[in-house]
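To start, the structure itself, in structure tokens.
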Amino acid sequence: MTFPNATLLRNAFSSIALPFALVVGLTGAIGFQSGLLPTRGNDGPVPETISIPAGRLEYRESGEFFRNGLAVDAPKVKILRQSLSIMKYQVSAESYDQCVLEGGCTRRDLPTSSRADLPVTGVSFDDAAMYARWLSDKTGEIWRLPSIEELAFAAGSKYPDDALGIDPDSKNPALRWLADYERETARKASRLPLPQPYGSFGENENGLADFGGNIWEWTSTCLRRVMLDRYSKPISEVESCGIYITAGKHSAPLSSFIREPKGGGCSVGAPPDNIGFRLVRDRRWYAPLLFAISGRPM
């Protein structure tokens, strides 16, 4: 077997890398000149973030899983995650209201105090996406909602495991109905309706504050309905991107326009106490290009 000459490989790489770099640079220059890409603003401080180094993540997948026509627990997955920069606290009521005053956001439904240490609530997925766009324009950095995988990575040991522990080979649906009823009853009894100031629910091992308190957080992950074969391998999947997964003490799918989950909109189980969000700072090199193409952080 003969191997390519090292010089030829370097020349081939250079012939590809240079045009690629020129295209990226030209695209970026056009984007900044035209105003499509954000430039750093001077209108306020950058939110406090934590940085989580790359590492292993084991979590239970989001979605609804069925086997032989019966609901089963979602499978656990183990993956390697890249490093992540995410807001330490949920977006505050004061910051969101500033976005409203500047015309970047829609006024929230719940007129709680506009405080810098109180999470914003009464906001939908669409509201959160608008805020992410406003903050990206304001700071010159790309901010977006986390995926459920990213939020699970940041939440670490505080991320909930929603499994009921029912034998997937069981053909008795009453076992799952009873276990689900008992769990939902316990959830309703432990509710704390009013949002609490920052730090009320402590920090996890990553320094992430207040996750799993009484604020459920929007993610960019759509609801999935997955059919499994008898070996628990996926055979079909349907994704509904009008419904997104929120996470807190447990996961809850909500329609993108829902602002008040206690008034309806949660497809199954006890509704979240409150809905808020925190954002990821996206440092992928191509994030500004996605931002320019889509008109919103992705």
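Within each chain, counting starts at residue 1; across the structure tokens, chains are named A, B, ... in the order shown, with ligands numbered 1 upward in that order.
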Exercise: region 212-214 of chain A partners within 6 Å, only C-alpha atoms, chain neighbours under 3 positions left out, as a ChimeraX atom specification = /A:201,248-249,273
Could I get the residues of region 187-239 of chain A with an atom no further than 10 Å from an atom of region 85-95 of chain A, each paired with its nearest atom pair and that distance in Å to one decimal, using only C-alpha atoms, sorted by chain and residue number, as a tab-separated table?
```
residue	atom	partner	partner_atom	distance
A:Pro197	CA	A:Ser92	CA	9.5
A:Tyr198	CA	A:Tyr89	CA	7.0
A:Gly199	CA	A:Tyr89	CA	8.4
A:Glu203	CA	A:Lys88	CA	9.0
A:Asn206	CA	A:Lys88	CA	9.4
A:Gly207	CA	A:Lys88	CA	7.0
A:Leu208	CA	A:Lys88	CA	5.0
A:Ala209	CA	A:Tyr89	CA	5.5
A:Asp210	CA	A:Tyr89	CA	7.0
A:Phe211	CA	A:Tyr89	CA	8.5
A:Ile215	CA	A:Gln90	CA	8.7
A:Trp216	CA	A:Gln90	CA	9.9
A:Glu217	CA	A:Gln90	CA	8.2
```
Any chance you can output those residues with C-alpha atoms as a JSON list (two decimals), in the first residue's frame?
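The result, written out as again28.json:
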```json
[["chain", "number", "residue", "atom", "x", "y", "z"],
["A", 197, "PRO", "CA", -35.40, 35.50, 44.34],
["A", 198, "TYR", "CA", -32.13, 34.29, 42.84],
["A", 199, "GLY", "CA", -30.31, 31.76, 44.99],
["A", 203, "GLU", "CA", -26.49, 25.80, 43.10],
["A", 206, "ASN", "CA", -21.51, 23.15, 38.02],
["A", 207, "GLY", "CA", -22.49, 26.43, 39.67],
["A", 208, "LEU", "CA", -25.88, 26.52, 37.90],
["A", 209, "ALA", "CA", -28.32, 28.34, 40.18],
["A", 210, "ASP", "CA", -31.94, 27.53, 40.99],
["A", 211, "PHE", "CA", -32.54, 24.75, 38.48],
["A", 215, "ILE", "CA", -39.35, 27.72, 37.58],
["A", 216, "TRP", "CA", -39.54, 25.37, 34.61],
["A", 217, "GLU", "CA", -37.30, 26.43, 31.73]]
```
Point out the residue among A:Arg144, A:Arg283, A:Arg81, A:Arg133 with the least atom-to-atom distance to Ile52 (chain A), counting only C-alpha atoms.
->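 Looking at the shortest contact to Ile52 (chain A), the residue is A:Arg81.
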Could you give me, as number ranges by chain, the residues within 12 Å of Tyr231 (chain A), counting only C-alpha atoms and dropping anything in the same chain fewer than 2 positions from it?
-> A: 66-68, 75, 168-169, 227-229, 233-235
Dump of C-alpha atoms for the selected residues, as an mmCIF file, in the first residue's frame:
```cif
data_model
loop_
_atom_site.group_PDB
_atom_site.id
_atom_site.type_symbol
_atom_site.label_atom_id
_atom_site.label_comp_id
_atom_site.auth_asym_id
_atom_site.auth_seq_id
_atom_site.Cartn_x
_atom_site.Cartn_y
_atom_site.Cartn_z
ATOM 1 C CA PHE A 66 -44.138 3.398 23.143
ATOM 2 C CA ARG A 67 -43.521 -0.329 22.819
ATOM 3 C CA ASN A 68 -46.171 -2.796 21.685
ATOM 4 C CA PRO A 75 -34.175 5.102 27.318
ATOM 5 C CA PRO A 168 -41.180 -2.603 29.791
ATOM 6 C CA ASP A 169 -42.238 -6.220 29.158
ATOM 7 C CA MET A 227 -42.166 3.820 18.613
ATOM 8 C CA LEU A 228 -39.815 1.050 19.814
ATOM 9 C CA ASP A 229 -39.531 -2.554 18.674
ATOM 10 C CA LYS A 233 -34.828 0.005 19.321
ATOM 11 C CA PRO A 234 -36.539 2.957 17.580
ATOM 12 C CA ILE A 235 -38.540 2.016 14.504
#
```
